[in-house]
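Trainee: What follows is structure23.cif, mmCIF, C-alpha atoms.
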data_protein
loop_
_atom_site.label_atom_id
_atom_site.label_comp_id
_atom_site.auth_asym_id
_atom_site.auth_seq_id
_atom_site.Cartn_x
_atom_site.Cartn_y
_atom_site.Cartn_z
CA MET V 128 -28.48 105.49 -43.26
CA HIS V 129 -26.59 102.97 -41.13
CA LEU V 130 -25.59 100.47 -43.81
CA ASN V 131 -22.09 99.10 -43.40
CA PHE V 132 -20.96 96.80 -46.19
CA GLU V 133 -17.61 96.38 -44.40
CA ASP V 134 -19.18 94.32 -41.59
CA THR V 135 -17.72 90.92 -42.45
CA ALA V 136 -18.97 89.33 -39.21
CA ILE V 137 -22.54 89.76 -40.50
CA ALA V 138 -21.60 89.04 -44.14
CA PHE V 139 -19.96 85.67 -43.48
CA GLU V 140 -21.69 84.57 -40.29
CA LEU V 141 -23.12 81.47 -41.98
CA LYS V 142 -19.77 80.35 -43.40
CA THR V 143 -17.68 77.83 -41.47
CA ASP V 144 -13.91 78.35 -41.41
CA SER V 145 -13.46 75.69 -44.10
CA GLU V 146 -16.15 77.31 -46.32
CA LEU V 147 -14.42 80.66 -45.86
CA GLU V 148 -11.11 79.10 -46.98
CA ARG V 149 -12.80 77.48 -50.00
CA ALA V 150 -14.35 80.80 -51.02
CA TYR V 151 -10.96 82.53 -50.73
CA PHE V 152 -9.32 79.78 -52.80
CA LEU V 153 -12.01 79.95 -55.52
CA PHE V 154 -11.89 83.73 -55.91
CA LYS V 155 -8.08 83.56 -56.04
CA LEU V 156 -8.44 81.18 -59.00
CA ILE V 157 -11.12 83.32 -60.66
CA ALA V 158 -8.87 86.38 -60.35
CA ASN V 159 -6.41 84.67 -62.70
CA GLU V 160 -7.85 85.13 -66.22
CA PRO V 161 -5.53 82.67 -68.06
CA LEU V 162 -6.27 80.06 -65.40
CA VAL V 163 -10.04 80.56 -65.85
CA ARG V 164 -9.64 80.07 -69.62
CA ILE V 165 -7.60 76.88 -69.16
CA GLY V 166 -9.91 75.59 -66.41
CA THR V 167 -12.97 76.24 -68.57
CA ALA V 168 -11.49 74.36 -71.53
CA VAL V 169 -10.39 71.42 -69.37
CA THR V 170 -13.74 71.24 -67.59
CA ASN V 171 -15.68 71.35 -70.86
CA PHE V 172 -13.50 68.57 -72.25
CA ALA V 173 -13.86 66.44 -69.12
CA ILE V 174 -17.65 66.82 -69.09
CA LYS V 175 -17.98 65.98 -72.81
CA ALA V 176 -15.61 63.02 -72.47
CA HIS V 177 -17.64 61.77 -69.47
CA LEU V 178 -14.57 61.79 -67.24
CA PRO V 179 -15.29 61.32 -63.51
CA VAL V 180 -14.89 64.97 -62.49
CA GLU V 181 -18.30 65.59 -60.93
CA GLY V 182 -17.06 64.92 -57.39
CA LEU V 183 -14.30 67.51 -57.70
CA ILE V 184 -16.63 70.08 -59.30
CA ARG V 185 -19.29 69.43 -56.65
CA ALA V 186 -16.85 69.90 -53.76
CA THR V 187 -15.47 73.19 -55.08
CA VAL V 188 -17.14 75.54 -57.55
CA PHE V 189 -20.59 73.86 -57.57
CA ASP V 190 -21.13 73.89 -53.81
CA HIS V 191 -19.95 77.49 -53.59
CA PHE V 192 -22.21 78.91 -56.33
CA CYS V 193 -25.14 76.42 -56.27
CA GLY V 194 -27.62 75.28 -53.66
CA GLY V 195 -27.71 71.63 -54.73
CA THR V 196 -28.88 69.27 -57.45
CA THR V 197 -32.61 69.28 -56.51
CA GLU V 198 -35.06 71.59 -54.74
CA GLU V 199 -34.94 69.41 -51.63
CA ASP V 200 -31.14 69.49 -51.75
CA CYS V 201 -31.32 73.30 -51.36
CA LEU V 202 -33.62 73.33 -48.32
CA SER V 203 -30.97 73.43 -45.59
CA ILE V 204 -29.27 76.42 -47.27
CA ILE V 205 -32.62 78.16 -47.80
CA ASP V 206 -33.60 77.69 -44.14
CA LYS V 207 -30.20 78.82 -42.84
CA MET V 208 -30.26 82.01 -44.90
CA TYR V 209 -33.84 82.77 -43.91
CA GLU V 210 -32.84 82.68 -40.24
CA LYS V 211 -30.74 85.75 -41.11
CA GLY V 212 -33.63 87.36 -42.98
CA VAL V 213 -32.27 86.52 -46.45
CA CYS V 214 -34.78 84.99 -48.86
CA SER V 215 -33.99 82.57 -51.69
CA ILE V 216 -34.96 82.39 -55.35
CA LEU V 217 -34.60 78.86 -56.66
CA ASP V 218 -33.18 79.02 -60.18
CA TYR V 219 -33.13 75.80 -62.22
CA SER V 220 -29.93 76.76 -64.04
CA VAL V 221 -29.85 74.25 -66.87
CA GLU V 222 -29.01 76.02 -70.15
CA GLY V 223 -28.71 75.31 -73.84
CA LYS V 224 -31.38 72.63 -74.28
CA GLU V 225 -32.87 72.19 -77.75
CA VAL V 226 -35.75 69.70 -77.76
CA GLU V 227 -39.40 69.82 -76.76
CA ASP V 228 -39.36 67.29 -73.93
CA GLN V 229 -36.54 69.26 -72.25
CA PHE V 230 -38.58 72.47 -72.53
CA ASP V 231 -41.57 70.68 -71.03
CA PHE V 232 -39.32 69.41 -68.24
CA ALA V 233 -38.11 72.97 -67.52
CA LEU V 234 -41.74 74.13 -67.44
CA GLN V 235 -42.62 71.38 -64.97
CA LYS V 236 -39.63 72.36 -62.81
CA THR V 237 -40.87 75.96 -62.70
CA LEU V 238 -44.41 74.83 -61.85
CA ASP V 239 -43.00 72.64 -59.05
CA VAL V 240 -41.00 75.57 -57.69
CA LEU V 241 -44.17 77.71 -57.66
CA ASP V 242 -45.77 75.13 -55.36
CA PHE V 243 -42.61 75.24 -53.27
CA VAL V 244 -42.73 79.05 -53.13
CA LYS V 245 -46.35 79.03 -51.97
CA GLU V 246 -45.41 76.78 -49.06
CA LYS V 247 -42.29 78.65 -47.91
CA ASP V 248 -42.06 82.31 -46.91
CA ALA V 249 -38.30 81.97 -47.42
CA ILE V 250 -38.84 81.79 -51.20
CA PRO V 251 -40.73 84.90 -52.39
CA PHE V 252 -40.20 84.46 -56.16
CA ALA V 253 -40.03 81.79 -58.84
CA VAL V 254 -37.94 82.33 -61.99
CA PHE V 255 -37.34 80.97 -65.50
CA LYS V 256 -35.19 81.68 -68.53
CA PRO V 257 -36.91 82.25 -71.90
CA THR V 258 -34.65 79.66 -73.56
CA GLY V 259 -35.66 77.18 -70.87
CA PHE V 260 -39.06 77.17 -72.61
CA GLY V 261 -37.99 77.18 -76.27
CA ARG V 262 -35.18 77.22 -78.83
CA PHE V 263 -32.89 80.25 -78.95
CA GLU V 264 -33.00 80.27 -82.77
CA LEU V 265 -36.78 80.52 -82.74
CA TYR V 266 -36.74 83.53 -80.40
CA GLU V 267 -34.10 85.03 -82.69
CA LYS V 268 -36.23 84.52 -85.81
CA VAL V 269 -39.34 86.00 -84.17
CA SER V 270 -37.29 88.94 -82.82
CA ALA V 271 -36.03 89.68 -86.33
CA GLY V 272 -39.59 89.65 -87.71
CA ARG V 273 -38.84 86.81 -90.11
CA PRO V 274 -41.82 84.63 -91.15
CA LEU V 275 -42.21 81.22 -89.51
CA ASN V 276 -43.12 78.04 -91.37
CA SER V 277 -46.03 76.01 -90.04
CA ASP V 278 -43.84 73.74 -87.86
CA GLU V 279 -42.09 76.77 -86.38
CA GLN V 280 -45.40 78.51 -85.77
CA ASN V 281 -46.66 75.46 -83.88
CA GLU V 282 -43.42 75.45 -81.88
CA TRP V 283 -43.80 79.15 -81.11
CA ASP V 284 -47.40 78.58 -80.01
CA ARG V 285 -46.14 75.94 -77.57
CA ILE V 286 -43.65 78.46 -76.11
CA LYS V 287 -46.49 80.94 -75.63
CA GLU V 288 -48.54 78.22 -73.94
CA ARG V 289 -45.65 77.46 -71.55
CA TYR V 290 -45.38 81.15 -70.65
CA ASP V 291 -49.11 81.40 -70.05
CA LYS V 292 -49.28 78.20 -68.05
CA VAL V 293 -46.56 79.25 -65.61
CA CYS V 294 -47.79 82.87 -65.33
CA LYS V 295 -51.37 81.73 -64.71
CA LYS V 296 -50.20 79.40 -61.95
CA ALA V 297 -48.16 82.21 -60.37
CA PHE V 298 -51.26 84.44 -60.54
CA ASP V 299 -53.53 81.75 -59.07
CA LEU V 300 -51.09 81.09 -56.21
CA ASP V 301 -50.39 84.83 -55.71
CA VAL V 302 -46.65 84.27 -56.17
CA ALA V 303 -44.26 86.64 -57.98
CA LEU V 304 -42.49 85.31 -61.07
CA LEU V 305 -39.23 86.62 -62.56
CA ILE V 306 -38.41 86.15 -66.26
CA ASP V 307 -34.69 86.41 -66.99
CA ALA V 308 -33.17 88.28 -69.94
CA GLU V 309 -30.74 86.85 -72.48
CA GLU V 310 -28.86 87.99 -75.61
CA SER V 311 -30.13 91.12 -77.38
CA TRP V 312 -30.78 89.44 -80.73
CA MET V 313 -33.41 87.13 -79.22
CA GLN V 314 -34.70 89.48 -76.51
CA GLN V 315 -37.43 91.33 -78.45
CA ALA V 316 -39.54 88.20 -78.75
CA ALA V 317 -39.05 87.41 -75.05
CA ASP V 318 -39.95 91.01 -74.12
CA ASP V 319 -43.13 90.84 -76.18
CA LEU V 320 -44.18 87.62 -74.44
CA ALA V 321 -43.44 89.14 -71.02
CA LEU V 322 -45.50 92.21 -71.96
CA ASP V 323 -48.45 90.01 -72.94
CA MET V 324 -48.20 88.25 -69.56
CA MET V 325 -48.09 91.56 -67.66
CA ARG V 326 -51.17 92.79 -69.54
CA LYS V 327 -52.99 89.63 -68.55
CA TYR V 328 -51.82 88.97 -65.00
CA ASN V 329 -50.56 92.30 -63.55
CA LYS V 330 -53.88 94.16 -63.53
CA GLU V 331 -54.26 94.41 -59.75
CA LYS V 332 -50.73 93.77 -58.49
CA VAL V 333 -47.34 92.75 -59.86
CA VAL V 334 -47.10 89.01 -60.49
CA VAL V 335 -44.88 88.94 -63.61
CA TYR V 336 -41.46 90.61 -63.66
CA ASN V 337 -39.43 91.00 -66.85
CA THR V 338 -35.68 91.77 -66.77
CA ALA V 339 -33.87 94.84 -68.14
CA GLN V 340 -30.12 94.56 -68.73
CA MET V 341 -28.81 98.08 -68.26
CA TYR V 342 -25.49 97.56 -70.05
CA ARG V 343 -27.73 98.04 -73.10
CA TRP V 344 -27.97 101.74 -73.91
CA ASP V 345 -31.56 101.38 -75.16
CA ARG V 346 -33.05 99.90 -71.99
CA LEU V 347 -33.91 103.14 -70.18
CA ASP V 348 -36.16 104.10 -73.11
CA PHE V 349 -37.55 100.55 -73.06
CA ILE V 350 -38.49 100.96 -69.37
CA LYS V 351 -40.11 104.35 -69.97
CA GLU V 352 -42.14 103.02 -72.92
CA LEU V 353 -43.22 100.01 -70.85
CA ASN V 354 -44.41 102.29 -68.06
CA GLU V 355 -46.32 104.50 -70.52
CA THR V 356 -47.99 101.42 -72.04
CA ALA V 357 -48.92 100.20 -68.56
CA SER V 358 -50.37 103.61 -67.71
CA LEU V 359 -52.53 103.63 -70.85
CA GLU V 360 -53.64 100.00 -70.60
CA LYS V 361 -54.05 99.94 -66.81
CA PHE V 362 -51.65 97.23 -65.69
CA LYS V 363 -48.63 97.16 -63.37
CA VAL V 364 -44.98 96.61 -64.24
CA GLY V 365 -42.47 94.37 -62.47
CA LEU V 366 -38.84 94.66 -63.52
CA LYS V 367 -35.68 93.00 -62.39
CA VAL V 368 -32.98 95.57 -63.17
CA VAL V 369 -29.47 94.19 -63.74
CA ARG V 370 -26.32 95.30 -65.49
CA GLY V 371 -26.07 92.23 -67.75
CA ALA V 372 -24.23 88.98 -68.33
CA TYR V 373 -23.34 88.68 -72.03
CA MET V 374 -21.18 91.74 -72.71
CA GLU V 375 -18.25 90.11 -74.50
CA LYS V 376 -20.54 87.99 -76.65
CA GLU V 377 -22.65 91.06 -77.54
CA ASN V 378 -19.65 93.17 -78.54
CA GLU V 379 -18.05 90.35 -80.55
CA ARG V 380 -21.23 89.63 -82.51
CA ALA V 381 -21.80 93.33 -83.28
CA LYS V 382 -18.24 93.67 -84.55
CA GLU V 383 -18.42 90.46 -86.58
CA LEU V 384 -21.74 91.35 -88.26
CA GLY V 385 -20.98 95.06 -88.60
CA TYR V 386 -23.78 96.66 -86.62
CA PRO V 387 -23.54 99.16 -83.71
CA THR V 388 -23.06 97.37 -80.40
CA PRO V 389 -26.09 97.47 -78.11
CA ILE V 390 -23.73 97.77 -75.13
CA CYS V 391 -22.97 101.08 -73.38
CA LYS V 392 -19.64 102.62 -74.32
CA SER V 393 -18.13 102.31 -70.82
CA LYS V 394 -18.58 100.83 -67.37
CA GLN V 395 -19.42 104.33 -66.11
CA ALA V 396 -22.15 104.72 -68.74
CA THR V 397 -23.61 101.36 -67.68
CA ASP V 398 -23.55 102.40 -64.01
CA GLU V 399 -25.28 105.69 -64.84
CA ASN V 400 -27.87 103.86 -66.95
CA PHE V 401 -28.59 101.41 -64.12
CA ASP V 402 -29.00 104.15 -61.53
CA ALA V 403 -31.16 106.24 -63.90
CA ALA V 404 -33.47 103.25 -64.40
CA ILE V 405 -33.83 102.73 -60.65
CA GLY V 406 -34.44 106.46 -60.18
CA TYR V 407 -37.13 106.50 -62.88
CA MET V 408 -38.88 103.47 -61.37
CA MET V 409 -38.77 105.01 -57.90
CA GLU V 410 -40.66 108.02 -59.33
CA ASN V 411 -43.33 105.63 -60.66
CA LEU V 412 -43.59 103.24 -57.73
CA ASP V 413 -47.39 103.43 -57.79
CA ARG V 414 -47.26 101.32 -60.96
CA MET V 415 -43.78 99.73 -60.92
CA SER V 416 -42.09 97.17 -58.67
CA ILE V 417 -38.30 96.92 -58.53
CA PHE V 418 -36.06 93.91 -58.11
CA ALA V 419 -32.56 95.43 -58.07
CA GLY V 420 -30.24 92.60 -59.06
CA THR V 421 -26.85 94.14 -58.41
CA HIS V 422 -23.46 93.37 -56.88
CA ASN V 423 -22.59 97.05 -56.99
CA GLU V 424 -22.33 98.68 -53.56
CA LEU V 425 -22.85 102.25 -54.81
CA SER V 426 -26.02 101.33 -56.69
CA SER V 427 -27.35 99.54 -53.61
CA ILE V 428 -26.62 102.60 -51.46
CA LYS V 429 -28.28 104.90 -54.02
CA LEU V 430 -31.45 102.83 -53.95
CA VAL V 431 -31.45 102.94 -50.14
CA GLU V 432 -31.04 106.74 -50.35
CA PHE V 433 -33.96 106.96 -52.81
CA MET V 434 -36.07 105.03 -50.30
CA GLU V 435 -35.04 107.33 -47.46
CA GLU V 436 -35.83 110.44 -49.51
CA LYS V 437 -39.33 109.09 -50.09
CA GLN V 438 -39.59 108.01 -46.44
CA LEU V 439 -40.40 104.45 -47.42
CA ASP V 440 -40.19 101.52 -45.02
CA ASN V 441 -36.99 99.49 -45.39
CA ASN V 442 -39.08 96.42 -46.19
CA HIS V 443 -41.37 98.16 -48.71
CA ASP V 444 -43.00 95.34 -50.66
CA SER V 445 -42.34 96.90 -54.10
CA ILE V 446 -38.55 97.02 -53.62
CA TRP V 447 -36.22 94.03 -53.46
CA PHE V 448 -32.44 93.69 -53.55
CA GLY V 449 -30.93 90.52 -55.04
CA GLN V 450 -27.51 88.96 -55.44
CA LEU V 451 -26.26 85.60 -56.64
CA TYR V 452 -25.56 82.83 -54.16
CA GLY V 453 -21.83 82.64 -53.49
CA MET V 454 -21.21 86.32 -54.28
CA SER V 455 -21.51 89.71 -52.56
CA ASP V 456 -22.54 88.35 -49.15
CA HIS V 457 -21.40 91.67 -47.67
CA ILE V 458 -24.22 93.39 -49.58
CA THR V 459 -26.98 90.80 -49.08
CA TYR V 460 -26.55 90.08 -45.38
CA ASN V 461 -25.89 93.67 -44.31
CA LEU V 462 -28.98 94.84 -46.22
CA SER V 463 -31.02 92.11 -44.55
CA ALA V 464 -29.61 92.98 -41.12
CA SER V 465 -30.88 96.54 -41.67
CA GLY V 466 -34.37 95.30 -42.51
CA TYR V 467 -34.35 95.55 -46.32
CA ASN V 468 -35.89 92.90 -48.58
CA ALA V 469 -32.83 90.90 -49.67
CA ALA V 470 -32.69 87.67 -51.64
CA LYS V 471 -30.14 85.30 -53.08
CA TYR V 472 -30.56 83.69 -56.50
CA VAL V 473 -29.86 80.02 -55.68
CA PRO V 474 -29.01 78.02 -58.81
CA TYR V 475 -29.57 74.28 -58.74
CA GLY V 476 -29.66 71.29 -61.09
CA PRO V 477 -27.57 68.25 -62.09
CA VAL V 478 -23.85 69.07 -61.87
CA ARG V 479 -23.13 68.41 -65.55
CA ASP V 480 -26.15 70.38 -66.75
CA VAL V 481 -25.34 73.40 -64.57
CA MET V 482 -21.72 73.65 -65.79
CA PRO V 483 -22.50 76.21 -68.58
CA TYR V 484 -23.98 78.48 -65.90
CA LEU V 485 -20.96 78.02 -63.62
CA ILE V 486 -18.49 78.68 -66.44
CA ARG V 487 -20.36 81.89 -67.32
CA ARG V 488 -20.21 82.92 -63.65
CA ALA V 489 -16.42 82.40 -63.54
CA GLU V 490 -15.87 84.26 -66.83
CA GLU V 491 -18.14 87.12 -65.73
CA ASN V 492 -16.25 87.50 -62.43
CA THR V 493 -12.97 87.54 -64.30
CA SER V 494 -14.13 90.28 -66.68
CA VAL V 495 -15.66 92.59 -64.05
CA ALA V 496 -12.85 94.81 -62.81
CA GLY V 497 -12.73 95.03 -59.03
CA GLN V 498 -15.48 92.48 -58.29
CA THR V 499 -13.19 89.55 -57.49
CA SER V 500 -10.56 91.64 -55.69
CA ARG V 501 -13.34 93.08 -53.49
CA GLU V 502 -14.51 89.56 -52.59
CA LEU V 503 -10.93 88.56 -51.74
CA THR V 504 -10.34 91.64 -49.59
CA LEU V 505 -13.46 91.00 -47.53
CA LEU V 506 -12.76 87.27 -47.16
CA GLN V 507 -9.22 88.09 -46.02
CA LYS V 508 -10.58 90.62 -43.54
CA GLU V 509 -12.97 88.04 -42.06
CA LYS V 510 -10.22 85.43 -41.82
CA LYS V 511 -8.09 87.90 -39.83
CA ARG V 512 -11.03 88.85 -37.62
CA ARG V 513 -11.69 85.23 -36.72
CA LYS V 514 -8.00 84.60 -35.95
CA LEU V 515 -7.97 87.55 -33.55
CA GLU V 516 -11.07 86.17 -31.83
CA ASP V 517 -9.57 82.68 -31.35
#
What would you get if you wrote out this structure as structure tokens?
Mentor:
Amino acid sequence: MHLNFEDTAIAFELKTDSELERAYFLFKLIANEPLVRIGTAVTNFAIKAHLPVEGLIRATVFDHFCGGTTEEDCLSIIDKMYEKGVCSILDYSVEGKEVEDQFDFALQKTLDVLDFVKEKDAIPFAVFKPTGFGRFELYEKVSAGRPLNSDEQNEWDRIKERYDKVCKKAFDLDVALLIDAEESWMQQAADDLALDMMRKYNKEKVVVYNTAQMYRWDRLDFIKELNETASLEKFKVGLKVVRGAYMEKENERAKELGYPTPICKSKQATDENFDAAIGYMMENLDRMSIFAGTHNELSSIKLVEFMEEKQLDNNHDSIWFGQLYGMSDHITYNLSASGYNAAKYVPYGPVRDVMPYLIRRAEENTSVAGQTSRELTLLQKEKKRRKLED
């Protein structure tokens, strides 16, 4: 294995000196937890009060972590990354909507992206969030097995129709589709819908991918059961495997309501769970396709080692590595340079509507020990390298 995640020349080749400085400045801010809390509160207030802060947000945190406000806005970034062998996954990152016309709009956005994907080799997947297609509270009620009234049942039927419409289009266009995961107390309903879509559209090849958040201690069993179901019913399984993005919220809710937390007891347990899931899927690659969404270097190396043990091509079409735009460039670009399938999740949408996503990103970076300091170390290293070259 010749992977070198320390190669900052490859990692940051696309960044200008000013973009490198901006990245360093942003991660310095994110490393300061009290500052993130204050900044989040001030930003939320400014957005709600309709203060003219969009320009400042756009020039700093938005442009670092997002591709643009529209699909077309993202094209220059998509094309630049693809020149380095890095694919893009356009993610319409508008969260927290509550009404039907907004869900229909999110559906239409996903359908538009599918057309986009079909036209561009640089975009191998489309993606959507379950709560982009329906109310969180409704998923929660269905997950808990509580009965729906007639209006709610009609609403739930519309969610199912949105799922089917987008999955059918992905199937017809022969494009892969990722379905994100969210909080545990609404996830069962989303998992059941994803399973129905796999049964219907993954008979010959993987079109539909669900997501497993491995900071949940029950997800390895979930993956094994899903594989057994697929074996019995003769369909294929696509899974995006991630650690997870709602840990603090999950632990707080469990404590508040007095039930056992669904989250692993430690970071090490989560890491072991993630790697065990990847290992299990690698043993069942005839039926399972892996999208490893991770910013963890060791997990990325372990997956590469699994591939080498099985003597698989670096660009095996059932194995993808993915990271978020604006983070872990040292993983993405060095994987791509070695011929692995590597992609960036590229969020986009109106600045104000994408702010909940950006705030979650900042809070997540602050809470993950070592992530931000690693980014800073590599950015500093690249800055020094460029100075020596001048």
Trainee: What's the 9 Å shell around Pro251 in chain V, counting only C-alpha atoms, without same-chain residues fewer than 2 positions away, as JSON, numbers by chain?
Mentor: {"V": [214, 215, 216, 244, 245, 247, 248, 249, 253, 302, 303, 304, 470]}
Trainee: Do you know which residues the PyMOL selection byres ((chain V and resi 378) around 12) returns on this file, as a PyMOL selection string?
Mentor: chain V and resi 310-312+342-343+372-377+379-392
Trainee: Kindly export the residues of the current selection with C-alpha atoms, as a short mmCIF file (atom, residue, chain, number, x, y, z; two decimals), keeping the file's coordinate frame.
Mentor:
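Saved to result.cif:
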data_model
loop_
_atom_site.label_atom_id
_atom_site.label_comp_id
_atom_site.auth_asym_id
_atom_site.auth_seq_id
_atom_site.Cartn_x
_atom_site.Cartn_y
_atom_site.Cartn_z
CA GLU V 310 -28.86 87.99 -75.61
CA SER V 311 -30.13 91.12 -77.38
CA TRP V 312 -30.78 89.44 -80.73
CA TYR V 342 -25.49 97.56 -70.05
CA ARG V 343 -27.73 98.04 -73.10
CA ALA V 372 -24.23 88.98 -68.33
CA TYR V 373 -23.34 88.68 -72.03
CA MET V 374 -21.18 91.74 -72.71
CA GLU V 375 -18.25 90.11 -74.50
CA LYS V 376 -20.54 87.99 -76.65
CA GLU V 377 -22.65 91.06 -77.54
CA GLU V 379 -18.05 90.35 -80.55
CA ARG V 380 -21.23 89.63 -82.51
CA ALA V 381 -21.80 93.33 -83.28
CA LYS V 382 -18.24 93.67 -84.55
CA GLU V 383 -18.42 90.46 -86.58
CA LEU V 384 -21.74 91.35 -88.26
CA GLY V 385 -20.98 95.06 -88.60
CA TYR V 386 -23.78 96.66 -86.62
CA PRO V 387 -23.54 99.16 -83.71
CA THR V 388 -23.06 97.37 -80.40
CA PRO V 389 -26.09 97.47 -78.11
CA ILE V 390 -23.73 97.77 -75.13
CA CYS V 391 -22.97 101.08 -73.38
CA LYS V 392 -19.64 102.62 -74.32
#
Trainee: Can you translate the PyMOL selection byres ((chain V and resi 144) around 12) into the concrete residues it hits in this file, as a list in words?
Mentor: Phe139, Glu140, Leu141, Lys142, Thr143, Ser145, Glu146, Leu147, Glu148, Arg149, Ala150, Tyr151, Leu506, Gln507, Glu509, Lys510, Lys511, Arg512, Arg513, Lys514 and Asp517 of chain V
Trainee: Applying 8 Å and only C-alpha atoms, which residues near range 445-461 of chain V remain after dropping the ones on its own chain fewer than 2 positions away? List them as a PyMOL selection string.
Mentor: chain V and resi 130-135+137-139+191-194+211-213+412+415-422+424+427+442-443+463-465+467-474+502+505
Trainee: When the PyMOL selection byres ((chain V and resi 340) around 7) is applied to the file above, which residues end up in the set, as a PDB file with C-alpha atoms, in the frame of the given file?
Mentor:
ATOM      1  CA  THR V 338     -35.680  91.770 -66.770  1.00  0.00           C
ATOM      2  CA  ALA V 339     -33.870  94.840 -68.140  1.00  0.00           C
ATOM      3  CA  MET V 341     -28.810  98.080 -68.260  1.00  0.00           C
ATOM      4  CA  TYR V 342     -25.490  97.560 -70.050  1.00  0.00           C
ATOM      5  CA  ARG V 343     -27.730  98.040 -73.100  1.00  0.00           C
ATOM      6  CA  ARG V 346     -33.050  99.900 -71.990  1.00  0.00           C
ATOM      7  CA  VAL V 368     -32.980  95.570 -63.170  1.00  0.00           C
ATOM      8  CA  VAL V 369     -29.470  94.190 -63.740  1.00  0.00           C
ATOM      9  CA  ARG V 370     -26.320  95.300 -65.490  1.00  0.00           C
ATOM     10  CA  GLY V 371     -26.070  92.230 -67.750  1.00  0.00           C
TER      11      GLY V 371
END
Trainee: Find the distance between CA of Ile486 in chain V and CA of Ile157 in chain V and write it in Å to one decimal.
Mentor: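 Pair CA of Ile486 in chain V / CA of Ile157 in chain V returns 10.5 Å.
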Trainee: If you measure from CA of Leu485 in chain V to CA of Gln395 in chain V, what distance in Å do you get, rounded to one decimal?
Mentor: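 According to the coordinates, CA of Leu485 in chain V and CA of Gln395 in chain V are separated by 26.5 Å.
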Trainee: Go ahead and compute the interatomic distance for CA of Lys295 in chain V and CA of Arg326 in chain V, in Å to one decimal.
Mentor: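 The value is 12.1 Å.
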Trainee: Pick from V:Asp319, V:Val254, V:Ser277, V:Gln229: nearest to Leu217 in chain V, with only C-alpha atoms counted?
Mentor: V:Val254
Trainee: For the point (-34.8, 74.3, -54.7) in the file's frame, write as a PyMOL selection string all residues with an atom no more than 9 Å away, counting only C-alpha atoms.
Mentor: chain V and resi 194-202+205+215-219+240+243+473-476
Trainee: Put those residues in a file: C-alpha atoms, as a PDB file, in the frame of the given file.
Mentor:
ATOM      1  CA  GLY V 194     -27.620  75.280 -53.660  1.00  0.00           C
ATOM      2  CA  GLY V 195     -27.710  71.630 -54.730  1.00  0.00           C
ATOM      3  CA  THR V 196     -28.880  69.270 -57.450  1.00  0.00           C
ATOM      4  CA  THR V 197     -32.610  69.280 -56.510  1.00  0.00           C
ATOM      5  CA  GLU V 198     -35.060  71.590 -54.740  1.00  0.00           C
ATOM      6  CA  GLU V 199     -34.940  69.410 -51.630  1.00  0.00           C
ATOM      7  CA  ASP V 200     -31.140  69.490 -51.750  1.00  0.00           C
ATOM      8  CA  CYS V 201     -31.320  73.300 -51.360  1.00  0.00           C
ATOM      9  CA  LEU V 202     -33.620  73.330 -48.320  1.00  0.00           C
ATOM     10  CA  ILE V 205     -32.620  78.160 -47.800  1.00  0.00           C
ATOM     11  CA  SER V 215     -33.990  82.570 -51.690  1.00  0.00           C
ATOM     12  CA  ILE V 216     -34.960  82.390 -55.350  1.00  0.00           C
ATOM     13  CA  LEU V 217     -34.600  78.860 -56.660  1.00  0.00           C
ATOM     14  CA  ASP V 218     -33.180  79.020 -60.180  1.00  0.00           C
ATOM     15  CA  TYR V 219     -33.130  75.800 -62.220  1.00  0.00           C
ATOM     16  CA  VAL V 240     -41.000  75.570 -57.690  1.00  0.00           C
ATOM     17  CA  PHE V 243     -42.610  75.240 -53.270  1.00  0.00           C
ATOM     18  CA  VAL V 473     -29.860  80.020 -55.680  1.00  0.00           C
ATOM     19  CA  PRO V 474     -29.010  78.020 -58.810  1.00  0.00           C
ATOM     20  CA  TYR V 475     -29.570  74.280 -58.740  1.00  0.00           C
ATOM     21  CA  GLY V 476     -29.660  71.290 -61.090  1.00  0.00           C
TER      22      GLY V 476
END
Trainee: Around the point (-31.2, 73.8, -74.4) (coordinates from the file), which residues reach within 12 Å if we count only C-alpha atoms? Answer as an mmCIF file with C-alpha atoms, in the frame of the given file.
Mentor:
data_model
loop_
_atom_site.group_PDB
_atom_site.id
_atom_site.type_symbol
_atom_site.label_atom_id
_atom_site.label_comp_id
_atom_site.auth_asym_id
_atom_site.auth_seq_id
_atom_site.Cartn_x
_atom_site.Cartn_y
_atom_site.Cartn_z
ATOM 1 C CA SER V 220 -29.930 76.760 -64.040
ATOM 2 C CA VAL V 221 -29.850 74.250 -66.870
ATOM 3 C CA GLU V 222 -29.010 76.020 -70.150
ATOM 4 C CA GLY V 223 -28.710 75.310 -73.840
ATOM 5 C CA LYS V 224 -31.380 72.630 -74.280
ATOM 6 C CA GLU V 225 -32.870 72.190 -77.750
ATOM 7 C CA VAL V 226 -35.750 69.700 -77.760
ATOM 8 C CA GLU V 227 -39.400 69.820 -76.760
ATOM 9 C CA ASP V 228 -39.360 67.290 -73.930
ATOM 10 C CA GLN V 229 -36.540 69.260 -72.250
ATOM 11 C CA PHE V 230 -38.580 72.470 -72.530
ATOM 12 C CA ASP V 231 -41.570 70.680 -71.030
ATOM 13 C CA PHE V 232 -39.320 69.410 -68.240
ATOM 14 C CA ALA V 233 -38.110 72.970 -67.520
ATOM 15 C CA LYS V 256 -35.190 81.680 -68.530
ATOM 16 C CA PRO V 257 -36.910 82.250 -71.900
ATOM 17 C CA THR V 258 -34.650 79.660 -73.560
ATOM 18 C CA GLY V 259 -35.660 77.180 -70.870
ATOM 19 C CA PHE V 260 -39.060 77.170 -72.610
ATOM 20 C CA GLY V 261 -37.990 77.180 -76.270
ATOM 21 C CA ARG V 262 -35.180 77.220 -78.830
ATOM 22 C CA PHE V 263 -32.890 80.250 -78.950
ATOM 23 C CA GLU V 264 -33.000 80.270 -82.770
ATOM 24 C CA ASP V 480 -26.150 70.380 -66.750
ATOM 25 C CA VAL V 481 -25.340 73.400 -64.570
ATOM 26 C CA PRO V 483 -22.500 76.210 -68.580
#
